[in-house]
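Report on the structure given below.
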Amino acid sequence: MNTSHSANVVLSELEQYQLAAKYSRDMISTHTWDDWIHTSVNPAVTEVLGYSKEEMLGLSTFDFWHPDDVELCLKNCDQRGPVQANMPMRFRMRHKNGHYIYVECARRAIRDKQSGEIQGLLCVTRDVSQQVRTEQLNQRLVKVVESSSDLILFFSPDYKLSYANRSAMHYFDIADCGEVGMLYDLLPGMDRQAFRRAVDVARAEGHWKGQIGFSWFDGYQQVLIHELIFHDHIDGNYFSMIARDVSEQRRAEAEVMGHRKKLLKFQRLMSASELGASIAHELNQPIAAIINFCHGALTRLNKKDAQKEQVSEQALQAISTQAERAANVIRRVRSLVNKTSYQDVNFNLGEVCQNLMQVLNPELEQRNIELFEDYAAQAWVRADKVQIEQLLTNLVINAGESLEESTQKVKNLSISVLEDGDSWRLSVIDNCRAPLPNTEQVFEAYYSSKDQGLGIGLSMCKSIAEANSGQVWMESRADGLPGAALYLTLPKQAVPSQQKQILQEEKV
């Protein structure tokens with residue numbers, strides 16, 4: 001009775017094994033102990049290696065190993081030692097198509113129940129090629145992150161620091177992220193409100209790009225956070241932050257800006273010196289002549305026999321001639337300063353503004369002014385391009401100086417070119433100028449609302465606008481917020497035929 005019951009149990013276990021092997025997606029096979037020849041294999045072998053069961057029977061597993069993995073496999077399958085269960089090893093096997101795939105193989109010995117001697121091997125093999133590729137990709141990504149000069153930090157939704165790459169560890173002088181705790185402890189000078197808004201955007205959209213600056217090491221080091229990424233991971237959500245040390249860049253920019261200001265100042269001084277020397281040279285002779293005529297007339301009038309009426313007439317006529325000469329000198333100098341050869345050309349006002357702001361924006365950034373731009377795509381006008389660039393430069397510099405003097409924390413400057421009836425309207429709008437100066441007087445020569453202003457810039461803007469059939473004016477912001485709005489309008493010009501053809505080709 002006991003023997004019969006034992007046989008039934010063994011048969012049941014065999015049936016269970018056969019059923020599991022039949023429907024398993026893992027390759028289940030049995031082998032001889034000495035040379036690993038396949039004695040049985042389940043249907044999954046076709047999915048894993050591309051062979052049929054019949055093709056595999058009688059072949060040794062050794063024949064399918066990658067040449068570079070043979071030594072490792074033999075070491076792990078040393079026949080002299082006991083074969084343990086649940087000790088998977090990873091290696092490459094040749095697919096029927098000729099390429100190699102990564103597999104993971106778990107094996108155990110098949111032993112005689114009576115003697116305990118090993119009669120064969122049972123192996124469970126699965127294709128892990130995709131897993132290996134993912135691991136290799138992750139390893140490459142880790143190397144990229146670790147070798148990056150950017151400061152890369154990972155933190156949890158409650159702002160607890162969990163990872164810092166090599167650059168960040170060195171930069172912030174930390175040995176272990178656990179020592180830091182909260183991200184805010186590492187970045188004390190950061191605008192927390194702005195950072196929270198960026199985190200909210202990253203959580204909602206998965207990604208945030210922008211600029212949040214903060215100082216480190218007593219303000220000497222300047223760091224710029226420019227990217228946040230939200231990771232919805234199975235083990236828990238977290239954020240990655242990418243920041244960059246821009247200290248050297250800012251110092252270089254400041255140095256370039258300083259050199260540029262010195263150069264401009266030197267150029268202005270040279271121009272003023274040359275202009276002053278020219279005026280002094282040209283006016284010296286007529287003024288000297290006027291003085292001589294006055295002295296001569298006085299000397300002749302003091303003589304007893306002088307004909308006073310004739311002397312007075314001659315003297316006044318000579319003085320008038322020299323005074324007119326001096327006036328002509330002044331007129332020539334003014335003509336030299338105020339007038340240049342007029343270049344009337346067609347150009348895209350939005351494109352000109354965009355290119356010019358790339359040059360002026362670094363100076364605005366130095367003053368902590370954030371720039372917003374909005375340009376119509378085909379804002380064609382006909383005017384003197386150089387003069388319009390000069391006008392826009394003056395408007396932006398005027399607004400930038402006013403914003404710099406403001407005590408408001410957030411300083412914005414908006415530049416736009418939009419359609420306005422039969423004209424294109426260039427707008428320069430700030431958010432800090434309040435109260436407004438006299439909007440009519442600001443364009444008068446030598447009037448300035450600034451203590452150190454010369455009253456020349458906006459007056460020149462008015463002259464340029466009128467010379468190019470345009471208008472320029474200042475008024476309060478249309479949205480009612482504090483600040484000033486400077487506008488320039490120029491008549492529309494038809495889009496050039498060559499540009500139309502380019503646009504049509506782009507649409508196609």
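Residues in the structure tokens are numbered from 1 in each chain, the chains being A, B, ... in the order shown, and ligands are numbered from 1 in the order shown.
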
task = Please provide as a VMD selection string all residues within 7 Å of His207 (chain A), with the sequence filter that same-chain residues fewer than 6 positions apart are discarded (counting only C-alpha atoms).
result = chain A and resid 228 to 230

Output of the above residues as a PDB file, in the first residue's frame, restricted to all heavy atoms:
```pdb
ATOM      1  N   LEU A 228      14.266  71.431 -14.213  1.00  0.00           N
ATOM      2  CA  LEU A 228      13.715  70.500 -13.228  1.00  0.00           C
ATOM      3  C   LEU A 228      12.936  69.428 -13.983  1.00  0.00           C
ATOM      4  O   LEU A 228      12.186  69.737 -14.907  1.00  0.00           O
ATOM      5  CB  LEU A 228      12.783  71.211 -12.248  1.00  0.00           C
ATOM      6  CG  LEU A 228      13.409  72.170 -11.228  1.00  0.00           C
ATOM      7  CD1 LEU A 228      12.327  72.910 -10.484  1.00  0.00           C
ATOM      8  CD2 LEU A 228      14.299  71.418 -10.258  1.00  0.00           C
ATOM      9  N   ILE A 229      13.109  68.157 -13.589  1.00  0.00           N
ATOM     10  CA  ILE A 229      12.411  67.043 -14.236  1.00  0.00           C
ATOM     11  C   ILE A 229      11.708  66.230 -13.148  1.00  0.00           C
ATOM     12  O   ILE A 229      12.312  65.906 -12.114  1.00  0.00           O
ATOM     13  CB  ILE A 229      13.393  66.151 -15.012  1.00  0.00           C
ATOM     14  CG1 ILE A 229      14.158  66.974 -16.061  1.00  0.00           C
ATOM     15  CG2 ILE A 229      12.650  65.007 -15.695  1.00  0.00           C
ATOM     16  CD1 ILE A 229      15.284  66.214 -16.741  1.00  0.00           C
ATOM     17  N   PHE A 230      10.443  65.897 -13.384  1.00  0.00           N
ATOM     18  CA  PHE A 230       9.669  65.093 -12.440  1.00  0.00           C
ATOM     19  C   PHE A 230       9.699  63.637 -12.896  1.00  0.00           C
ATOM     20  O   PHE A 230       9.414  63.328 -14.053  1.00  0.00           O
ATOM     21  CB  PHE A 230       8.233  65.595 -12.367  1.00  0.00           C
ATOM     22  CG  PHE A 230       7.347  64.780 -11.455  1.00  0.00           C
ATOM     23  CD1 PHE A 230       7.586  64.748 -10.096  1.00  0.00           C
ATOM     24  CD2 PHE A 230       6.292  64.044 -11.964  1.00  0.00           C
ATOM     25  CE1 PHE A 230       6.791  64.005  -9.249  1.00  0.00           C
ATOM     26  CE2 PHE A 230       5.484  63.291 -11.141  1.00  0.00           C
ATOM     27  CZ  PHE A 230       5.730  63.269  -9.771  1.00  0.00           C
TER      28      PHE A 230
END
```

Pick from A:Ala252, A:Ala204, A:Ile287, A:Ile464, whichever lies nearest to Leu392 (chain A) using only C-alpha atoms =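 Nearest to Leu392 (chain A): A:Ile464.
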
ask   = When you draw a straight line from CA of Gly116 (chain A) to CA of Thr30 (chain A), how long is it in Å?
value =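 Interatomic distance, CA of Gly116 (chain A) to CA of Thr30 (chain A): 17.4 Å.
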
query = Which residues, written as an MDAnalysis selection string, have at least one atom at most 12 Å from Asn355 (chain A), with only C-alpha atoms counted and residues fewer than 4 positions away on the same chain left out?
reply = chainID A and resid 348:351 359:361 373 375 389 392:393

Written selection (all heavy atoms) as a CSV table (one decimal), in the first residue's frame:
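Generated output (selection14.csv):
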```csv
chain,number,residue,atom,x,y,z
A,348,ASN,N,12.6,94.0,-42.1
A,348,ASN,CA,11.6,93.4,-41.2
A,348,ASN,C,11.9,94.0,-39.8
A,348,ASN,O,12.9,93.7,-39.2
A,348,ASN,CB,11.8,91.9,-41.2
A,348,ASN,CG,10.7,91.2,-40.4
A,348,ASN,OD1,10.1,91.8,-39.5
A,348,ASN,ND2,10.4,89.9,-40.7
A,349,LEU,N,11.0,94.8,-39.3
A,349,LEU,CA,11.2,95.5,-38.0
A,349,LEU,C,11.3,94.5,-36.9
A,349,LEU,O,12.1,94.7,-36.0
A,349,LEU,CB,10.0,96.5,-37.8
A,349,LEU,CG,10.1,97.3,-36.5
A,349,LEU,CD1,11.3,98.2,-36.5
A,349,LEU,CD2,8.8,98.1,-36.4
A,350,GLY,N,10.5,93.4,-36.9
A,350,GLY,CA,10.6,92.4,-35.8
A,350,GLY,C,11.9,91.7,-35.8
A,350,GLY,O,12.5,91.5,-34.7
A,351,GLU,N,12.5,91.4,-37.0
A,351,GLU,CA,13.7,90.7,-37.1
A,351,GLU,C,14.9,91.6,-36.6
A,351,GLU,O,15.8,91.2,-35.9
A,351,GLU,CB,14.0,90.3,-38.5
A,351,GLU,CG,15.2,89.5,-38.7
A,351,GLU,CD,15.4,89.0,-40.2
A,351,GLU,OE1,14.4,88.7,-40.8
A,351,GLU,OE2,16.5,89.1,-40.7
A,359,VAL,N,22.0,91.7,-28.5
A,359,VAL,CA,23.1,92.5,-28.1
A,359,VAL,C,22.9,93.3,-26.8
A,359,VAL,O,23.8,93.4,-25.9
A,359,VAL,CB,23.5,93.5,-29.2
A,359,VAL,CG1,24.7,94.4,-28.8
A,359,VAL,CG2,23.8,92.8,-30.5
A,360,LEU,N,21.7,93.8,-26.6
A,360,LEU,CA,21.4,94.6,-25.5
A,360,LEU,C,21.0,93.8,-24.2
A,360,LEU,O,21.1,94.3,-23.1
A,360,LEU,CB,20.2,95.6,-25.8
A,360,LEU,CG,20.5,96.6,-26.9
A,360,LEU,CD1,19.3,97.5,-27.2
A,360,LEU,CD2,21.7,97.5,-26.6
A,361,ASN,N,20.5,92.6,-24.4
A,361,ASN,CA,20.0,91.8,-23.3
A,361,ASN,C,21.0,91.5,-22.2
A,361,ASN,O,20.7,91.6,-21.0
A,361,ASN,CB,19.4,90.5,-23.8
A,361,ASN,CG,18.6,89.8,-22.7
A,361,ASN,OD1,17.9,90.4,-21.9
A,361,ASN,ND2,18.7,88.4,-22.7
A,373,GLU,N,9.7,89.2,-25.1
A,373,GLU,CA,9.7,89.6,-26.5
A,373,GLU,C,8.6,89.0,-27.2
A,373,GLU,O,8.2,87.8,-27.0
A,373,GLU,CB,11.0,89.3,-27.2
A,373,GLU,CG,12.3,89.9,-26.5
A,373,GLU,CD,13.6,89.4,-27.2
A,373,GLU,OE1,14.0,90.0,-28.2
A,373,GLU,OE2,14.2,88.5,-26.6
A,375,TYR,N,7.3,89.4,-31.4
A,375,TYR,CA,7.5,90.0,-32.7
A,375,TYR,C,6.7,89.4,-33.7
A,375,TYR,O,6.6,88.2,-33.9
A,375,TYR,CB,9.0,90.0,-33.1
A,375,TYR,CG,10.0,90.5,-32.1
A,375,TYR,CD1,11.0,89.7,-31.5
A,375,TYR,CD2,9.9,91.9,-31.7
A,375,TYR,CE1,11.8,90.2,-30.6
A,375,TYR,CE2,10.8,92.4,-30.7
A,375,TYR,CZ,11.7,91.5,-30.2
A,375,TYR,OH,12.6,92.0,-29.2
A,389,GLU,N,17.5,101.4,-35.5
A,389,GLU,CA,18.2,100.6,-34.5
A,389,GLU,C,18.7,101.6,-33.4
A,389,GLU,O,18.7,101.2,-32.2
A,389,GLU,CB,19.4,99.9,-35.1
A,389,GLU,CG,19.1,98.7,-36.0
A,389,GLU,CD,20.3,98.1,-36.6
A,389,GLU,OE1,21.3,98.8,-36.8
A,389,GLU,OE2,20.2,96.9,-37.0
A,392,LEU,N,15.7,102.4,-31.2
A,392,LEU,CA,15.3,101.4,-30.3
A,392,LEU,C,16.3,101.2,-29.2
A,392,LEU,O,16.0,101.0,-28.0
A,392,LEU,CB,15.2,100.0,-31.0
A,392,LEU,CG,15.0,98.8,-30.2
A,392,LEU,CD1,13.6,98.9,-29.4
A,392,LEU,CD2,14.9,97.5,-31.0
A,393,THR,N,17.6,101.4,-29.5
A,393,THR,CA,18.7,101.4,-28.4
A,393,THR,C,18.4,102.4,-27.4
A,393,THR,O,18.5,102.2,-26.2
A,393,THR,CB,20.0,101.5,-29.1
A,393,THR,OG1,20.3,100.5,-30.1
A,393,THR,CG2,21.1,101.5,-28.0
```

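Using only C-alpha atoms for every distance, the candidate list A:Met93, A:Val199, A:Leu418, A:Leu316 yields A:Val199 as the residue closest to Tyr238 (chain A).
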
request  = Compile the contact shell of region 61-78 of chain A as JSON, numbers by chain: residues with an atom at most 7 Å away, counting only C-alpha atoms, same-chain residues fewer than 3 positions apart removed.
outcome  = {"A": [36, 37, 81, 91, 92, 93, 94]}

What lies within 7 Å of Tyr163 (chain A) using only C-alpha atoms, ignoring chain neighbours under 2 positions off, as a compact mmCIF listing (two decimals) with N, CA, C and O atoms, in the first residue's frame?
```
# COMPACT_ATOMS: atom_id res chain seq x y z
N LEU A 153 21.18 67.28 -8.88
CA LEU A 153 20.69 66.86 -7.58
C LEU A 153 19.35 66.16 -7.74
O LEU A 153 18.55 66.54 -8.59
N PHE A 154 19.10 65.13 -6.94
CA PHE A 154 17.79 64.47 -6.87
C PHE A 154 17.19 64.80 -5.50
O PHE A 154 17.89 64.78 -4.48
N LEU A 161 16.98 65.87 0.05
CA LEU A 161 18.03 65.54 -0.91
C LEU A 161 18.35 64.06 -0.83
O LEU A 161 18.56 63.50 0.25
N ASN A 165 25.52 64.51 -7.85
CA ASN A 165 26.61 63.97 -8.67
C ASN A 165 27.96 64.49 -8.18
O ASN A 165 28.04 65.30 -7.25
N CYS A 177 24.88 62.80 1.14
CA CYS A 177 23.62 63.53 1.01
C CYS A 177 22.80 63.45 2.28
O CYS A 177 22.02 64.37 2.58
```

ask   = Contacts of Glu227 (chain A) at 9 Å or less, counting only C-alpha atoms, minus same-chain residues fewer than 2 places along, as a ChimeraX atom specification?
value = /A:198,207-211,225,229,240-243

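If you measure from each of A:Glu475, A:Pro482, A:Leu364, A:Met27 to Gln408 (chain A) using only C-alpha atoms, the closest one turns out to be A:Pro482.
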
ask   = For the atom pair CA of Asn42 (chain A) and CA of Ile110 (chain A), what is the interatomic distance in Å to one decimal place?
value =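 Result for CA of Asn42 (chain A) versus CA of Ile110 (chain A): 17.0 Å, one decimal.
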
ask   = If you measure from CA of Asp112 (chain A) to CA of Ser40 (chain A), what distance in Å do you get, rounded to one decimal?
value =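 Atom-to-atom, CA of Asp112 (chain A) and CA of Ser40 (chain A) are spaced 17.7 Å apart.
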
task = Find the residues near Glu248 (chain A): any atom within 10 Å, counting only C-alpha atoms, skip ones fewer than 4 places away on the same chain, and give them as number ranges by chain.
result = A: 221-222, 252-254
